[in-house]
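Working notes, beginning with the structure itself.
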Amino acid sequence: MECDVVVVGSGIAGCVSAYYLARDGFSVCLINKAENLYESNTYQAQGGIVYRGKKDSYDLLFEDIISAGGGISNPEAARIVAQESESAVEEVLINNFGVEFTKDLKGRYDLTEEGAHSTRRILHAFDCTGRIIEEKALKALENCFNLTFLTNHTVIDIITLDHHSTDKFRKYKPITSMGVYAVDNKNNKVLKILSKIVILATGGLGQIYLHTTNPPQATGDGYAMANRAGARLINMEYTQFHPTTLYHPKANNFLISESVRGEGAVIIDKNGRAFMEKYHPMKELAPRDIVTRAILNEMLESGEKFVYLDITKIGEDKIKLRFPNIYGTCLEYGFDMALEPVPIVPAFHYSCGGILTDMNGRTNIERLFAVGEVACTGLHGANRLASTSLLEGIIFGKRTAAFINENKKDYLTDLGFSKILDWIDTGVTDKADPALINQDWNLLKNIMWNYVGAVRGSKRLRRAIVDLNNLNVDVEDFYRDTKVCRTIIELRNAVQTGLLVARQARANRESIGAHFRID
Ligand SMILES: Cc1cc2nc3c(=O)[nH]c(=O)nc-3n(C[C@H](O)[C@H](O)[C@H](O)COP(=O)(O)OP(=O)(O)OC[C@H]3O[C@@H](n4cnc5c(N)ncnc54)[C@H](O)[C@@H]3O)c2cc1C
């Protein structure tokens, strides 16, 4: 199979890049390992997307991004996002995709507030903003002629000149991406998809942690495959934990959006005492890492397994109108948010680091671009400002597509695809043993949660790296021995991504933002 551009991942970042490139006449193949294109972190997003508040300004948004990021955000990325937020939301989401955001009774956008924002500037579509954006984005993509959807195909690796070509001078040339190998999940046959450009939009890594808000496909594939290809990854230690997820054994850390606190919810202990004042002047709306550590500290001191979020004071009607999805889900698990506080606990939420890119999505590998959560422009620094990640996917997805289009002549040249090898499967065992798979996942998730969690120390990190290295050796053998399939690919990627996070966390002794060290 051959095309101009392969986009891996159909969340917001992949959809926006694919949409603009297909519109500009590139032949694009959009791949998702899930059977359903919707399956992504994007689909789960609740709270909203940064737009522009009444008394807002670029400078104010810029300052909020920098301050939430612990002062180490890349100022160039923060300035771009602050300056382009309003126009990108209008052009991409409202005009091109036709997203309808919630309005008030006077027909004005109902802007909401979230932690660490100095004004109400967040657009939302009730409390299921991501679902509505994703549905509209995919609808818009259906009308693009040059686009091929490939669902239920798991990308295994990026094809690079130095790894997969028979060119005898390949070692002397820059590392260059030339497509991907992807396995068809239905029959485990591997496709060689050759392309002049690859855009990784594979989203996050939440599944490497025991407790996470991320859906099952967030196994860190993009980080691991980029690392194997020779890409530079940075800021992996800045793993953001969300303070408020539902505490219930079957709820999979269902997220209770920050906008619930934006609308006045208070975090209390089992005696009904609000405690955030002790930790930060912004109380419940302090940056996420501070709220997370405050909750963990209260839990440690009290010996309780959770604290509570109380939003009863805003009244039943407003809760049901504003948060229908969150209200309904909590009710399914037996908690009526309108009448009683709900039990909450922090969980892993977002990776601030990733594959280093410039402001046009370029990585250090020729013809390889990265956008969205898997990429790192440095925008989030040490901690992400709420409601900036959908925005980041849109702004940098669009910029990446525009850059590629402007440099079309350089990219659409002959790459010598005939020298690229077919996939060689070394596996002999037909099916991965589920007992081994499950135990390896449990081990990884527990190591990451206990040793590379919201609070880190050098002994814990050292132990994490030793244990992860051992696990990595076992899983690598397992991978080589088993015929390639989605299950084993994800496990291998997750372990390698865990190691990237743990190593960068150990190397950085300074506590900033989401990386908090006790030694
Ligand atoms: C519960 C929840 C609530 C959130 N709320 C908000 C919010 O209110 N506002 C906000 O700005 N952000 C929010 N976020 C964060 C935001 O949703 C994500 O950061 C963002 O959607 C990431 O978009 P993306 O396009 O980079 O990746 P994703 O949307 O995660 O898409 C990645 C895609 O890549 C595919 N993929 C991965 N690996 C492979 C592979 N090997 N082969 C083929 N396909 C692959 C996946 O299946 C998926 O389709 C929330 C996140 C969660 C989990």
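Residues are named by chain letter and number: chains run A, B, ... in the order of the structure tokens, numbers start at 1 in each chain, and ligands are numbered from 1 in the order shown.
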
Quiz item: as a count of residues only, which residues of region 95-334 of chain A does DSSP assign to strand (DSSP E or B)?
Solution: 58

Quiz item: Contacts of Asp127 (chain A) at 12 Å or less, counting only C-alpha atoms, minus same-chain residues fewer than 4 places along, as a PyMOL selection string?
Solution: chain A and resi 43-49+101-102+110+112+122-123+131-133+255-260+319-329

Exercise. Find the residues around region 197-213 of chain A up to 8 Å (only C-alpha atoms counted), leave out those fewer than 4 positions away in its own chain, and share them as number ranges by chain.
Key: A: 4-11, 13-14, 40-41, 177-180, 217-222, 242, 245, 252-255, 347-351, 367-375, 411, 441-442, 444-446, 448-449, 494-495, 497-498

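Look at region 500-510 of chain A: the protein and nucleic acid residues within 9 Å of it, using only C-alpha atoms and passing over chain neighbours fewer than 3 places away, are A:Tyr223, A:Ala224, A:Asn227, A:Leu233, A:Ile234, A:Asn235, A:Met236, A:Glu237, A:Tyr238, A:Thr239, A:Met448, A:Tyr451, A:Val452, A:Arg456, A:Gly457, A:Ser458, A:Leu461, A:Arg462, A:Ala464, A:Ile465, A:Leu468, A:Val495, A:Gln496, A:Thr497, A:His515, A:Phe516, A:Arg517, A:Asp519.
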
Practice problem: Name all residues at most 12 Å from Asp430 (chain A) (count only C-alpha atoms; drop same-chain ones fewer than 3 positions away) and give them as a ChimeraX atom specification. | Solution: /A:187-188,425-427,433,478-485,488

Next, the residues of the selection above should be written as a PDB file, in the first residue's frame with N, CA, C and O atoms.
```pdb
ATOM      1  N   ASN A 187      -6.848 -10.780  11.328  1.00  0.00           N
ATOM      2  CA  ASN A 187      -6.182 -12.021  10.885  1.00  0.00           C
ATOM      3  C   ASN A 187      -4.671 -12.030  11.171  1.00  0.00           C
ATOM      4  O   ASN A 187      -3.962 -12.932  10.745  1.00  0.00           O
ATOM      5  N   ASN A 188      -4.200 -10.977  11.853  1.00  0.00           N
ATOM      6  CA  ASN A 188      -2.785 -10.853  12.221  1.00  0.00           C
ATOM      7  C   ASN A 188      -1.821 -10.823  11.028  1.00  0.00           C
ATOM      8  O   ASN A 188      -0.644 -11.164  11.149  1.00  0.00           O
ATOM      9  N   ASP A 425       8.353 -11.781  10.453  1.00  0.00           N
ATOM     10  CA  ASP A 425       7.827 -12.184  11.769  1.00  0.00           C
ATOM     11  C   ASP A 425       8.698 -13.298  12.330  1.00  0.00           C
ATOM     12  O   ASP A 425       8.844 -14.349  11.716  1.00  0.00           O
ATOM     13  N   THR A 426       9.284 -13.025  13.511  1.00  0.00           N
ATOM     14  CA  THR A 426      10.158 -14.040  14.116  1.00  0.00           C
ATOM     15  C   THR A 426       9.362 -14.983  15.019  1.00  0.00           C
ATOM     16  O   THR A 426       9.897 -15.971  15.518  1.00  0.00           O
ATOM     17  N   GLY A 427       8.090 -14.632  15.247  1.00  0.00           N
ATOM     18  CA  GLY A 427       7.285 -15.376  16.217  1.00  0.00           C
ATOM     19  C   GLY A 427       6.992 -16.800  15.777  1.00  0.00           C
ATOM     20  O   GLY A 427       6.765 -17.071  14.600  1.00  0.00           O
ATOM     21  N   ASP A 433       0.081 -16.041  25.575  1.00  0.00           N
ATOM     22  CA  ASP A 433      -0.543 -16.670  26.745  1.00  0.00           C
ATOM     23  C   ASP A 433      -1.182 -15.588  27.627  1.00  0.00           C
ATOM     24  O   ASP A 433      -0.478 -14.723  28.176  1.00  0.00           O
ATOM     25  N   PHE A 478       9.251 -12.477  24.894  1.00  0.00           N
ATOM     26  CA  PHE A 478       7.867 -12.885  24.668  1.00  0.00           C
ATOM     27  C   PHE A 478       7.397 -12.357  23.299  1.00  0.00           C
ATOM     28  O   PHE A 478       6.805 -13.072  22.479  1.00  0.00           O
ATOM     29  N   TYR A 479       7.720 -11.087  23.019  1.00  0.00           N
ATOM     30  CA  TYR A 479       7.342 -10.446  21.756  1.00  0.00           C
ATOM     31  C   TYR A 479       7.998 -11.155  20.576  1.00  0.00           C
ATOM     32  O   TYR A 479       7.368 -11.431  19.557  1.00  0.00           O
ATOM     33  N   ARG A 480       9.273 -11.458  20.705  1.00  0.00           N
ATOM     34  CA  ARG A 480      10.019 -12.107  19.605  1.00  0.00           C
ATOM     35  C   ARG A 480       9.491 -13.519  19.333  1.00  0.00           C
ATOM     36  O   ARG A 480       9.516 -13.998  18.217  1.00  0.00           O
ATOM     37  N   ASP A 481       9.017 -14.146  20.403  1.00  0.00           N
ATOM     38  CA  ASP A 481       8.615 -15.543  20.317  1.00  0.00           C
ATOM     39  C   ASP A 481       7.165 -15.720  19.823  1.00  0.00           C
ATOM     40  O   ASP A 481       6.773 -16.775  19.359  1.00  0.00           O
ATOM     41  N   THR A 482       6.378 -14.646  19.962  1.00  0.00           N
ATOM     42  CA  THR A 482       4.945 -14.757  19.657  1.00  0.00           C
ATOM     43  C   THR A 482       4.645 -14.107  18.314  1.00  0.00           C
ATOM     44  O   THR A 482       5.208 -13.057  17.998  1.00  0.00           O
ATOM     45  N   LYS A 483       3.744 -14.696  17.538  1.00  0.00           N
ATOM     46  CA  LYS A 483       3.363 -14.087  16.258  1.00  0.00           C
ATOM     47  C   LYS A 483       2.728 -12.732  16.545  1.00  0.00           C
ATOM     48  O   LYS A 483       1.927 -12.593  17.481  1.00  0.00           O
ATOM     49  N   VAL A 484       3.109 -11.753  15.734  1.00  0.00           N
ATOM     50  CA  VAL A 484       2.742 -10.385  16.065  1.00  0.00           C
ATOM     51  C   VAL A 484       1.210 -10.192  16.098  1.00  0.00           C
ATOM     52  O   VAL A 484       0.490 -10.692  15.244  1.00  0.00           O
ATOM     53  N   CYS A 485       0.732  -9.515  17.148  1.00  0.00           N
ATOM     54  CA  CYS A 485      -0.698  -9.227  17.293  1.00  0.00           C
ATOM     55  C   CYS A 485      -0.832  -8.010  18.213  1.00  0.00           C
ATOM     56  O   CYS A 485       0.116  -7.629  18.905  1.00  0.00           O
ATOM     57  N   ILE A 488       0.256  -8.203  22.126  1.00  0.00           N
ATOM     58  CA  ILE A 488       1.670  -8.235  22.498  1.00  0.00           C
ATOM     59  C   ILE A 488       2.365  -6.915  22.114  1.00  0.00           C
ATOM     60  O   ILE A 488       3.263  -6.435  22.814  1.00  0.00           O
TER      61      ILE A 488
END
```

Quiz item: How would you write, as a ChimeraX atom specification, the set of residues in region 144-310 of chain A that DSSP gives as helix (DSSP H, G or I)?
Solution: /A:161-164,170-172,206-208,221-229,258-262,276-278,283-285,288-302

Residues near Ala274 (chain A), anyone? I mean within 10 Å using only C-alpha atoms, not counting same-chain ones fewer than 4 positions away, as an mmCIF file with all heavy atoms, in the first residue's frame.
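Result file follows (selection-v2.cif):
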```cif
data_model
loop_
_atom_site.group_PDB
_atom_site.id
_atom_site.type_symbol
_atom_site.label_atom_id
_atom_site.label_comp_id
_atom_site.auth_asym_id
_atom_site.auth_seq_id
_atom_site.Cartn_x
_atom_site.Cartn_y
_atom_site.Cartn_z
ATOM 1 N N VAL A 266 -16.840 21.570 46.163
ATOM 2 C CA VAL A 266 -15.821 21.668 47.218
ATOM 3 C C VAL A 266 -15.323 20.255 47.550
ATOM 4 O O VAL A 266 -16.105 19.298 47.551
ATOM 5 C CB VAL A 266 -16.446 22.315 48.481
ATOM 6 C CG1 VAL A 266 -15.408 22.459 49.580
ATOM 7 C CG2 VAL A 266 -17.047 23.663 48.135
ATOM 8 N N ILE A 267 -13.999 20.150 47.818
ATOM 9 C CA ILE A 267 -13.448 18.840 48.206
ATOM 10 C C ILE A 267 -13.448 18.762 49.734
ATOM 11 O O ILE A 267 -12.923 19.664 50.405
ATOM 12 C CB ILE A 267 -12.015 18.662 47.659
ATOM 13 C CG1 ILE A 267 -12.021 18.819 46.129
ATOM 14 C CG2 ILE A 267 -11.450 17.303 48.039
ATOM 15 C CD1 ILE A 267 -10.629 18.863 45.506
ATOM 16 N N ILE A 268 -14.039 17.708 50.265
ATOM 17 C CA ILE A 268 -14.161 17.595 51.730
ATOM 18 C C ILE A 268 -13.674 16.220 52.211
ATOM 19 O O ILE A 268 -13.591 15.276 51.426
ATOM 20 C CB ILE A 268 -15.630 17.807 52.188
ATOM 21 C CG1 ILE A 268 -16.569 16.828 51.438
ATOM 22 C CG2 ILE A 268 -16.083 19.243 51.966
ATOM 23 C CD1 ILE A 268 -18.009 16.888 51.921
ATOM 24 N N ASP A 269 -13.393 16.143 53.519
ATOM 25 C CA ASP A 269 -13.027 14.836 54.072
ATOM 26 C C ASP A 269 -14.290 14.148 54.612
ATOM 27 O O ASP A 269 -15.394 14.661 54.461
ATOM 28 C CB ASP A 269 -11.926 14.975 55.126
ATOM 29 C CG ASP A 269 -12.385 15.785 56.340
ATOM 30 O OD1 ASP A 269 -13.613 15.989 56.499
ATOM 31 O OD2 ASP A 269 -11.515 16.236 57.117
ATOM 32 N N LYS A 270 -14.097 13.001 55.264
ATOM 33 C CA LYS A 270 -15.286 12.229 55.662
ATOM 34 C C LYS A 270 -16.117 12.958 56.738
ATOM 35 O O LYS A 270 -17.279 12.634 56.953
ATOM 36 C CB LYS A 270 -14.895 10.841 56.135
ATOM 37 C CG LYS A 270 -14.101 10.814 57.413
ATOM 38 C CD LYS A 270 -13.946 9.398 57.908
ATOM 39 C CE LYS A 270 -13.163 9.471 59.201
ATOM 40 N NZ LYS A 270 -12.781 8.312 59.833
ATOM 41 N N LYS A 278 -5.860 24.982 53.166
ATOM 42 C CA LYS A 278 -4.562 24.722 53.813
ATOM 43 C C LYS A 278 -3.423 24.631 52.803
ATOM 44 O O LYS A 278 -2.266 24.817 53.127
ATOM 45 C CB LYS A 278 -4.623 23.346 54.505
ATOM 46 C CG LYS A 278 -5.153 23.362 55.891
ATOM 47 C CD LYS A 278 -4.871 22.066 56.652
ATOM 48 C CE LYS A 278 -5.040 20.764 55.970
ATOM 49 N NZ LYS A 278 -5.127 19.549 56.697
ATOM 50 N N LYS A 283 -7.546 27.378 46.387
ATOM 51 C CA LYS A 283 -8.305 26.238 46.918
ATOM 52 C C LYS A 283 -8.582 25.164 45.847
ATOM 53 O O LYS A 283 -7.665 24.677 45.222
ATOM 54 C CB LYS A 283 -9.595 26.746 47.577
ATOM 55 C CG LYS A 283 -9.311 27.652 48.775
ATOM 56 C CD LYS A 283 -10.549 27.963 49.548
ATOM 57 C CE LYS A 283 -11.188 29.234 49.072
ATOM 58 N NZ LYS A 283 -12.294 29.688 49.890
ATOM 59 N N GLU A 284 -9.870 24.843 45.627
ATOM 60 C CA GLU A 284 -10.209 23.761 44.686
ATOM 61 C C GLU A 284 -9.732 24.042 43.266
ATOM 62 O O GLU A 284 -9.602 23.140 42.450
ATOM 63 C CB GLU A 284 -11.728 23.533 44.656
ATOM 64 C CG GLU A 284 -12.259 22.600 45.730
ATOM 65 C CD GLU A 284 -12.253 23.217 47.111
ATOM 66 O OE1 GLU A 284 -12.033 24.435 47.246
ATOM 67 O OE2 GLU A 284 -12.464 22.458 48.089
ATOM 68 N N TYR A 308 -14.117 13.324 49.382
ATOM 69 C CA TYR A 308 -15.404 13.528 48.706
ATOM 70 C C TYR A 308 -15.417 14.844 47.923
ATOM 71 O O TYR A 308 -14.741 15.817 48.292
ATOM 72 C CB TYR A 308 -16.542 13.606 49.730
ATOM 73 C CG TYR A 308 -16.807 12.326 50.456
ATOM 74 C CD1 TYR A 308 -16.166 12.051 51.666
ATOM 75 C CD2 TYR A 308 -17.714 11.392 49.954
ATOM 76 C CE1 TYR A 308 -16.412 10.871 52.356
ATOM 77 C CE2 TYR A 308 -17.968 10.206 50.639
ATOM 78 C CZ TYR A 308 -17.326 9.959 51.838
ATOM 79 O OH TYR A 308 -17.571 8.790 52.513
ATOM 80 N N LEU A 309 -16.254 14.852 46.892
ATOM 81 C CA LEU A 309 -16.494 16.090 46.143
ATOM 82 C C LEU A 309 -17.958 16.453 46.343
ATOM 83 O O LEU A 309 -18.854 15.646 46.077
ATOM 84 C CB LEU A 309 -16.216 15.846 44.652
ATOM 85 C CG LEU A 309 -16.266 17.085 43.764
ATOM 86 C CD1 LEU A 309 -15.097 18.025 44.076
ATOM 87 C CD2 LEU A 309 -16.204 16.684 42.280
ATOM 88 N N ASP A 310 -18.173 17.683 46.821
ATOM 89 C CA ASP A 310 -19.540 18.086 47.166
ATOM 90 C C ASP A 310 -19.992 19.234 46.270
ATOM 91 O O ASP A 310 -19.459 20.336 46.326
ATOM 92 C CB ASP A 310 -19.556 18.532 48.640
ATOM 93 C CG ASP A 310 -20.959 18.864 49.104
ATOM 94 O OD1 ASP A 310 -21.900 18.756 48.284
ATOM 95 O OD2 ASP A 310 -21.113 19.223 50.289
#
```

Self-check item: Straight-line distance linking CA of His380 (chain A) with CA of Ile72 (chain A), stated in Å to one decimal
Solution: 8.2 Å

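For the pair CA of Val16 (chain A) and atom 52 (C, counted along the ligand's line) of ligand 1, the separation is 18.2 Å.
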